file model_24.cif (mmCIF, C-alpha atoms and all ligand atoms)
data_start
loop_
_atom_site.label_atom_id
_atom_site.label_comp_id
_atom_site.auth_asym_id
_atom_site.auth_seq_id
_atom_site.Cartn_x
_atom_site.Cartn_y
_atom_site.Cartn_z
CA VAL A 959 12.16 9.72 -15.32
CA GLU A 960 11.70 6.53 -17.29
CA GLY A 961 10.79 3.50 -15.21
CA ARG A 962 11.09 -0.15 -16.15
CA GLU A 963 10.03 -0.89 -19.74
CA GLY A 964 9.63 2.85 -20.37
CA LEU A 965 6.81 3.40 -17.88
CA PRO A 966 6.67 7.07 -16.83
CA ALA A 967 7.82 7.62 -13.26
CA VAL A 968 8.70 10.41 -10.87
CA LYS A 969 11.86 10.14 -8.81
CA LEU A 970 12.21 11.93 -5.47
CA THR A 971 15.69 12.37 -4.07
CA HIS A 972 16.32 13.79 -0.62
CA ALA A 973 19.48 15.72 0.18
CA CYS A 974 20.40 12.96 2.66
CA GLY A 975 20.66 10.47 -0.22
CA ALA A 976 17.33 8.65 0.27
CA SER A 977 15.15 8.26 -2.82
CA ALA A 978 11.77 7.02 -3.99
CA GLU A 979 10.29 6.21 -7.39
CA VAL A 980 6.61 6.53 -8.16
CA TYR A 981 5.13 4.95 -11.29
CA LEU A 982 2.14 6.75 -12.79
CA PHE A 983 0.71 3.42 -13.95
CA GLY A 984 -1.16 2.27 -10.87
CA GLY A 985 0.12 5.26 -8.85
CA CYS A 986 2.57 2.80 -7.41
CA VAL A 987 5.61 3.62 -5.25
CA MET A 988 8.01 1.11 -6.76
CA SER A 989 11.20 1.90 -4.94
CA TRP A 990 12.15 3.49 -1.64
CA LYS A 991 15.84 3.56 -0.83
CA GLN A 992 17.61 4.60 2.33
CA ALA A 993 20.63 6.95 2.17
CA THR A 994 22.85 3.83 2.05
CA GLY A 995 21.15 2.78 -1.19
CA ASP A 996 19.35 -0.12 0.51
CA GLU A 997 15.97 -0.87 -1.05
CA VAL A 998 13.10 -1.25 1.44
CA LEU A 999 10.34 -2.39 -0.93
CA TYR A 1000 10.02 -5.62 -2.88
CA VAL A 1001 8.95 -6.21 -6.47
CA ARG A 1002 7.97 -9.76 -7.36
CA PRO A 1003 9.97 -11.47 -10.13
CA ASP A 1004 6.70 -12.15 -11.98
CA ALA A 1005 5.79 -8.43 -12.02
CA LYS A 1006 4.71 -7.16 -15.45
CA PHE A 1007 5.47 -3.66 -16.71
CA ASP A 1008 3.45 -3.76 -19.93
CA LYS A 1009 0.15 -2.66 -18.32
CA SER A 1010 -1.36 -6.10 -18.99
CA LYS A 1011 -1.88 -6.43 -15.23
CA PRO A 1012 -1.21 -4.36 -12.12
CA ILE A 1013 2.42 -4.20 -11.03
CA SER A 1014 3.03 -6.91 -8.42
CA GLY A 1015 5.29 -5.13 -6.03
CA GLY A 1016 6.12 -1.86 -4.35
CA MET A 1017 3.02 -0.21 -2.90
CA PRO A 1018 0.06 -0.89 -5.20
CA HIS A 1019 -3.33 0.65 -4.42
CA CYS A 1020 -6.51 -1.20 -3.65
CA PHE A 1021 -9.39 1.17 -4.51
CA PRO A 1022 -12.38 1.34 -4.50
CA GLN A 1023 -12.55 -2.33 -3.54
CA PHE A 1024 -10.30 -4.47 -1.38
CA GLY A 1025 -9.95 -8.09 -2.50
CA PRO A 1026 -12.41 -9.86 -4.78
CA GLY A 1027 -15.94 -8.52 -5.30
CA GLU A 1028 -18.13 -6.85 -7.89
CA MET A 1029 -15.20 -5.51 -9.87
CA GLN A 1030 -11.69 -6.76 -10.60
CA GLN A 1031 -9.66 -7.92 -7.57
CA HIS A 1032 -8.54 -4.91 -5.48
CA GLY A 1033 -10.42 -2.44 -7.74
CA PHE A 1034 -9.16 -0.39 -10.66
CA ALA A 1035 -6.77 2.22 -9.18
CA ARG A 1036 -3.73 -0.06 -9.53
CA ASN A 1037 -4.57 -0.61 -13.19
CA LEU A 1038 -4.86 2.92 -14.50
CA ASP A 1039 -2.60 5.83 -15.38
CA TRP A 1040 -2.55 8.55 -12.73
CA GLU A 1041 -1.58 12.19 -13.40
CA VAL A 1042 0.99 14.32 -11.65
CA SER A 1043 -0.98 17.15 -10.03
CA SER A 1044 1.86 18.92 -8.21
CA THR A 1045 5.46 18.57 -7.19
CA SER A 1046 7.27 20.02 -4.19
CA ALA A 1047 8.35 23.03 -6.22
CA ASP A 1048 4.68 23.91 -6.84
CA VAL A 1049 3.81 23.45 -3.20
CA ASN A 1050 6.72 25.20 -1.50
CA PRO A 1051 9.97 26.10 -3.23
CA ASP A 1052 11.86 26.20 0.08
CA ASP A 1053 10.67 22.82 1.22
CA LYS A 1054 13.64 20.51 1.60
CA ASP A 1055 11.45 17.40 1.60
CA PRO A 1056 10.77 16.35 -2.00
CA CYS A 1057 7.11 15.62 -2.61
CA VAL A 1058 4.85 14.69 -5.49
CA GLU A 1059 1.07 14.54 -5.63
CA ILE A 1060 -0.62 12.29 -8.15
CA THR A 1061 -4.32 12.15 -8.97
CA LEU A 1062 -6.83 9.67 -10.33
CA ARG A 1063 -10.28 10.81 -11.50
CA ASP A 1064 -13.31 8.93 -12.71
CA ASN A 1065 -13.52 8.37 -16.46
CA GLU A 1066 -15.57 6.26 -18.85
CA TYR A 1067 -13.68 3.11 -17.87
CA THR A 1068 -14.18 3.56 -14.12
CA ARG A 1069 -17.81 4.68 -14.61
CA ALA A 1070 -18.59 1.44 -16.43
CA MET A 1071 -17.52 -0.50 -13.31
CA TRP A 1072 -18.36 1.95 -10.58
CA ASP A 1073 -20.72 4.73 -11.53
CA HIS A 1074 -19.40 7.46 -9.28
CA ALA A 1075 -17.58 10.78 -9.73
CA PHE A 1076 -14.48 10.97 -7.56
CA GLU A 1077 -10.97 12.33 -7.22
CA LEU A 1078 -8.25 10.41 -5.48
CA HIS A 1079 -5.24 12.53 -4.53
CA TYR A 1080 -2.17 10.75 -3.26
CA SER A 1081 0.96 12.55 -2.17
CA ILE A 1082 4.33 10.96 -1.49
CA THR A 1083 7.00 12.81 0.49
CA LEU A 1084 10.53 11.91 1.51
CA HIS A 1085 11.09 13.35 4.95
CA GLY A 1086 14.75 12.53 5.31
CA GLU A 1087 14.84 8.76 4.91
CA GLU A 1088 11.19 8.44 5.93
CA LEU A 1089 8.48 7.85 3.36
CA GLN A 1090 5.21 9.64 4.04
CA THR A 1091 1.98 9.41 2.11
CA GLU A 1092 -1.30 11.25 2.22
CA TYR A 1093 -4.40 9.81 0.66
CA ARG A 1094 -7.50 11.88 -0.09
CA VAL A 1095 -10.74 10.69 -1.66
CA ILE A 1096 -13.23 13.38 -2.72
CA ASN A 1097 -16.81 12.72 -3.79
CA THR A 1098 -17.21 15.09 -6.76
CA GLY A 1099 -20.63 13.72 -7.73
CA ASP A 1100 -24.15 14.31 -6.47
CA LYS A 1101 -24.85 11.03 -4.66
CA PRO A 1102 -23.08 9.26 -1.80
CA PHE A 1103 -20.73 6.34 -2.50
CA SER A 1104 -18.92 3.70 -0.44
CA PHE A 1105 -15.41 2.44 -0.99
CA GLN A 1106 -12.57 0.44 0.52
CA ALA A 1107 -8.93 1.51 0.20
CA ALA A 1108 -5.51 0.05 0.93
CA LEU A 1109 -1.82 0.43 0.31
CA HIS A 1110 -0.81 -3.13 -0.51
CA SER A 1111 2.84 -2.66 0.47
CA TYR A 1112 5.46 -5.28 -0.32
CA PHE A 1113 8.52 -5.10 1.96
CA GLU A 1114 11.74 -6.97 1.39
CA VAL A 1115 12.73 -9.29 4.25
CA VAL A 1116 15.91 -11.25 4.88
CA ASN A 1117 13.76 -14.38 5.02
CA ILE A 1118 10.05 -14.65 5.82
CA LYS A 1119 10.89 -17.42 8.31
CA LEU A 1120 12.93 -14.88 10.30
CA ALA A 1121 10.48 -11.99 9.91
CA ALA A 1122 7.87 -10.89 12.45
CA VAL A 1123 5.17 -8.27 12.89
CA GLU A 1124 4.91 -6.41 16.17
CA GLY A 1125 1.90 -4.52 17.46
CA LEU A 1126 -0.92 -6.93 16.67
CA GLY A 1127 -0.64 -9.24 19.70
CA GLY A 1128 -3.94 -10.21 21.32
CA MET A 1129 -6.03 -8.77 18.48
CA LYS A 1130 -8.99 -10.35 16.76
CA TYR A 1131 -8.48 -10.96 13.06
CA LEU A 1132 -10.11 -12.52 10.03
CA ASP A 1133 -8.24 -15.58 8.78
CA LYS A 1134 -8.59 -15.62 4.99
CA VAL A 1135 -6.27 -18.60 4.61
CA ALA A 1136 -8.82 -20.67 6.51
CA ASP A 1137 -11.65 -19.42 4.27
CA ALA A 1138 -11.19 -16.61 1.75
CA GLU A 1139 -14.94 -16.14 1.18
CA ASN A 1140 -16.08 -16.31 4.76
CA PRO A 1141 -13.05 -15.81 6.98
CA PRO A 1142 -13.49 -16.96 10.59
CA THR A 1143 -12.65 -14.57 13.42
CA LYS A 1144 -9.64 -15.70 15.44
CA GLU A 1145 -7.55 -14.18 18.18
CA MET A 1146 -3.82 -13.58 17.89
CA PRO A 1147 -1.77 -14.82 20.82
CA ASN A 1148 0.02 -12.09 22.71
CA GLY A 1149 3.42 -11.14 21.37
CA THR A 1150 4.71 -10.94 17.82
CA LEU A 1151 3.32 -12.56 14.70
CA THR A 1152 5.84 -14.95 13.13
CA PHE A 1153 5.53 -17.04 9.99
CA ALA A 1154 5.54 -20.81 9.47
CA GLY A 1155 3.03 -21.04 6.63
CA PRO A 1156 0.71 -18.89 4.51
CA VAL A 1157 -0.90 -15.93 6.26
CA ASP A 1158 -3.67 -13.70 4.94
CA SER A 1159 -5.05 -11.97 8.01
CA VAL A 1160 -7.17 -8.86 8.34
CA PHE A 1161 -6.84 -6.98 11.64
CA GLU A 1162 -9.68 -4.51 12.14
CA ASN A 1163 -9.06 -1.37 14.21
CA SER A 1164 -5.38 -2.17 14.53
CA PRO A 1165 -3.07 0.17 16.43
CA SER A 1166 -1.85 3.30 14.67
CA GLU A 1167 1.68 1.86 14.67
CA VAL A 1168 2.87 -1.64 13.82
CA SER A 1169 6.31 -2.78 12.77
CA LEU A 1170 7.76 -5.39 10.51
CA LEU A 1171 11.01 -6.95 11.67
CA VAL A 1172 12.85 -8.01 8.54
CA GLY A 1173 14.95 -10.78 10.08
CA ASN A 1174 18.29 -9.19 10.97
CA GLY A 1175 17.22 -7.00 13.86
CA ALA A 1176 16.24 -4.11 11.59
CA GLY A 1177 12.65 -3.17 11.03
CA ILE A 1178 10.16 -0.89 9.37
CA ALA A 1179 7.72 1.09 11.52
CA LEU A 1180 4.37 1.76 9.87
CA GLN A 1181 2.33 4.59 11.36
CA GLN A 1182 -1.07 5.55 10.05
CA THR A 1183 -4.09 7.72 10.55
CA GLY A 1184 -7.41 7.02 8.84
CA PHE A 1185 -6.55 3.53 7.64
CA THR A 1186 -8.10 1.62 10.51
CA ASP A 1187 -7.05 -1.89 9.49
CA THR A 1188 -3.85 -3.83 8.89
CA ILE A 1189 -3.53 -6.82 6.57
CA VAL A 1190 -0.60 -9.20 6.77
CA TRP A 1191 -0.06 -11.45 3.77
CA THR A 1192 2.52 -14.04 2.79
CA PRO A 1193 1.58 -16.50 0.04
CA TRP A 1194 4.16 -19.11 1.11
CA GLU A 1195 4.46 -22.05 -1.32
CA ASP A 1196 1.91 -20.49 -3.67
CA MET A 1197 4.86 -18.41 -4.86
CA PRO A 1198 7.79 -20.76 -4.38
CA ASP A 1199 10.30 -18.54 -6.22
CA CYS A 1200 9.89 -15.46 -4.09
CA TYR A 1201 7.79 -15.90 -0.94
CA GLU A 1202 10.83 -16.04 1.32
CA SER A 1203 11.97 -12.58 0.23
CA PHE A 1204 8.93 -10.43 1.08
CA CYS A 1205 6.10 -9.75 3.47
CA CYS A 1206 3.06 -7.59 2.74
CA VAL A 1207 1.94 -5.39 5.61
CA GLU A 1208 -0.93 -3.28 4.37
CA ASN A 1209 -2.56 -0.14 5.72
CA ALA A 1210 -6.21 -0.42 4.84
CA LYS A 1211 -9.77 0.67 5.32
CA ALA A 1212 -11.12 -2.71 4.35
CA VAL A 1213 -13.51 -4.23 6.89
CA LYS A 1214 -15.98 -1.37 7.13
CA PRO A 1215 -16.16 0.63 3.90
CA VAL A 1216 -16.21 4.42 4.04
CA THR A 1217 -19.39 6.16 2.90
CA LEU A 1218 -18.76 9.60 1.48
CA ASP A 1219 -21.42 12.24 0.82
CA PRO A 1220 -21.19 14.62 -2.16
CA ASN A 1221 -18.35 17.16 -1.70
CA ASP A 1222 -16.99 15.31 1.32
CA THR A 1223 -13.36 14.22 1.63
CA TRP A 1224 -11.83 11.21 3.34
CA ASN A 1225 -8.23 11.35 4.46
CA ALA A 1226 -5.60 8.85 5.52
CA THR A 1227 -1.88 9.19 6.12
CA THR A 1228 1.04 6.82 6.52
CA ARG A 1229 4.62 7.22 7.71
CA PHE A 1230 7.15 4.49 7.03
CA ALA A 1231 10.48 4.58 8.84
CA VAL A 1232 13.33 2.09 8.83
CA TYR A 1233 15.13 1.44 12.09
CA THR A 1234 18.30 -0.54 12.50
CA ALA A 1235 19.20 -3.14 15.06
O1 LIG B 1 -3.97 -8.38 0.71
C1 LIG B 1 -3.85 -9.74 0.58
C2 LIG B 1 -4.47 -10.21 -0.70
O2 LIG B 1 -5.78 -9.72 -0.80
C3 LIG B 1 -4.41 -11.72 -0.76
O3 LIG B 1 -5.64 -12.31 -0.47
C4 LIG B 1 -3.85 -12.02 -2.15
O4 LIG B 1 -4.81 -12.26 -3.08
C5 LIG B 1 -3.07 -10.76 -2.42
O5 LIG B 1 -3.76 -9.71 -1.84
C6 LIG B 1 -2.53 -10.49 -3.79
O6 LIG B 1 -3.45 -10.04 -4.69
P1 LIG B 1 -3.05 -9.85 -6.20
O7 LIG B 1 -4.33 -9.58 -6.93
O8 LIG B 1 -2.10 -8.70 -6.25
O9 LIG B 1 -2.37 -11.13 -6.64
#

call {"tool": "encode", "arguments": {"input": "model_24.cif", "output": "structure tokens"}}
result
Amino acid sequence: VEGREGLPAVKLTHACGASAEVYLFGGCVMSWKQATGDEVLYVRPDAKFDKSKPISGGMPHCFPQFGPGEMQQHGFARNLDWEVSSTSADVNPDDKDPCVEITLRDNEYTRAMWDHAFELHYSITLHGEELQTEYRVINTGDKPFSFQAALHSYFEVVNIKLAAVEGLGGMKYLDKVADAENPPTKEMPNGTLTFAGPVDSVFENSPSEVSLLVGNGAGIALQQTGFTDTIVWTPWEDMPDCYESFCCVENAKAVKPVTLDPNDTWNATTRFAVYTA
């Protein structure tokens, strides 16, 4: 289908009425709707769709770098055109869950920044109203490489001041608001994380399930395997026009990069499910 400003996209529609839209630019899930038509994800009003910058919203990728570093912020995967490698019909014609797999491979542009041969396969499935992803990095070269990876997911909330994240109570985290370059280690109090100012916190070895309460009793459960870390981000007054409407809860392998030998594969999965009050 045609996405915003003509960007090529793939739309998945489940028989139950749920749907998802995946943009090939950045390999970004831009929309995920429940059977009621309610949108779960958030796209910032300043998002650009002319490829001049990564799309600010939905579920952008961070690969092969998380945050600032040797290359552009959050790496190049969110800035490039991915290819459709298979659709559910190719995989299993009887499968009732619509699915698409998209792929990013090294090219001259990526080699100039990061001189490694790789394939990144990312599949998106609608299992009823649930959104499931599988993420696979393959080292197709002849030397090991290290990378970080994240799904930088933007979720719509009723109001950030009413939102909360459950599942991270008592954990140690890096506070990047206190110092982005050299974040101090702090400890979360027990209970839920609520918001009264900017938060940019990296939780290493977080539980395999956390949930975001959106402010009206409903929530989104995030389950993962392979992504060991969770990042919670709200920019607060840095984005006065929109900060109240979203919260980023990110599944990531960010603190300790993965090192992959030639021909080896690294895998991570996520399951996102909305629950009502
Ligand atoms: O994941 C949180 C974070 O790394 C923040 O530090 C903030 O910079 C944010 O991502 C947004 O990054 P972006 O490059 O999309 O503006």

call {"tool": "residues_around", "arguments": {"input": "model_24.cif", "residues": "Thr1227 (chain A)", "least_positions_apart": "4", "cutoff": "6 Å", "atoms": "all atoms listed in the file", "output": "VMD selection string"}}
result
chain A and resid 1091 to 1092 1182 to 1183

call {"tool": "residues_around", "arguments": {"input": "model_24.cif", "residues": "region 1193-1206 of chain A", "least_positions_apart": "6", "cutoff": "6 Å", "atoms": "all atoms listed in the file", "output": "ChimeraX atom specification"}}
result
/A:1111-1115,1117-1118,1155-1156

call {"tool": "residues_near_ligand", "arguments": {"input": "model_24.cif", "ligand": "ligand LIG 1 (chain B)", "cutoff": "6 Å", "atoms": "all atoms listed in the file", "output": "list in words"}}
result
Ser1014, Gly1025, Gln1031, Asp1158 and Trp1191 of chain A

call {"tool": "atom_distance", "arguments": {"input": "model_24.cif", "atom1": "CA of Ser1043 (chain A)", "atom2": "CA of Ala1210 (chain A)"}}
result
23.6 Å

call {"tool": "closest_residue", "arguments": {"input": "model_24.cif", "among": "A:Val998, A:Met1146, A:Ala1108, A:Leu1078", "to": "Leu1170 (chain A)", "atoms": "all atoms listed in the file"}}
result
A:Val998

call {"tool": "closest_residue", "arguments": {"input": "model_24.cif", "among": "A:Lys1054, A:Phe1034, A:Arg1002, A:Gly1027", "to": "Ala973 (chain A)", "atoms": "only C-alpha atoms"}}
result
A:Lys1054

call {"tool": "closest_atom_pairs", "arguments": {"input": "model_24.cif", "of": "region 1033-1132 of chain A", "to": "region 979-984 of chain A", "cutoff": "8 Å", "atoms": "all atoms listed in the file", "output": "JSON lines"}}
result
{"residue": "A:Ala1035", "atom": "CA", "partner": "A:Gly984", "partner_atom": "CA", "distance": 5.9}
{"residue": "A:Arg1036", "atom": "CA", "partner": "A:Gly984", "partner_atom": "CA", "distance": 3.7}
{"residue": "A:Asn1037", "atom": "CA", "partner": "A:Gly984", "partner_atom": "CA", "distance": 5.0}
{"residue": "A:Leu1038", "atom": "CA", "partner": "A:Gly984", "partner_atom": "CA", "distance": 5.2}
{"residue": "A:Asp1039", "atom": "CA", "partner": "A:Phe983", "partner_atom": "CA", "distance": 4.3}
{"residue": "A:Trp1040", "atom": "CA", "partner": "A:Leu982", "partner_atom": "CA", "distance": 5.0}
{"residue": "A:Glu1041", "atom": "CA", "partner": "A:Leu982", "partner_atom": "CA", "distance": 6.6}
{"residue": "A:Val1042", "atom": "CA", "partner": "A:Leu982", "partner_atom": "CA", "distance": 7.7}
{"residue": "A:Ile1060", "atom": "CA", "partner": "A:Leu982", "partner_atom": "CA", "distance": 7.7}

call {"tool": "residues_around", "arguments": {"input": "model_24.cif", "residues": "Trp1072 (chain A)", "least_positions_apart": "5", "cutoff": "12 Å", "atoms": "all atoms listed in the file", "output": "ChimeraX atom specification"}}
result
/A:1021-1023,1027-1030,1033-1035,1064-1067,1103-1105

call {"tool": "atom_distance", "arguments": {"input": "model_24.cif", "atom1": "CA of Phe1076 (chain A)", "atom2": "CA of Asp1187 (chain A)"}}
result
22.6 Å

call {"tool": "closest_residue", "arguments": {"input": "model_24.cif", "among": "A:Leu1151, A:Met1017, A:Met1071, A:Cys1057", "to": "Gly1127 (chain A)", "atoms": "all atoms listed in the file"}}
result
A:Leu1151

call {"tool": "closest_residue", "arguments": {"input": "model_24.cif", "among": "A:Pro1056, A:Leu1126, A:Pro1147, A:Phe1161", "to": "Leu1089 (chain A)", "atoms": "all atoms listed in the file"}}
result
A:Pro1056

call {"tool": "atom_distance", "arguments": {"input": "model_24.cif", "atom1": "CA of Ile1178 (chain A)", "atom2": "CA of Ala1122 (chain A)"}}
result
10.7 Å
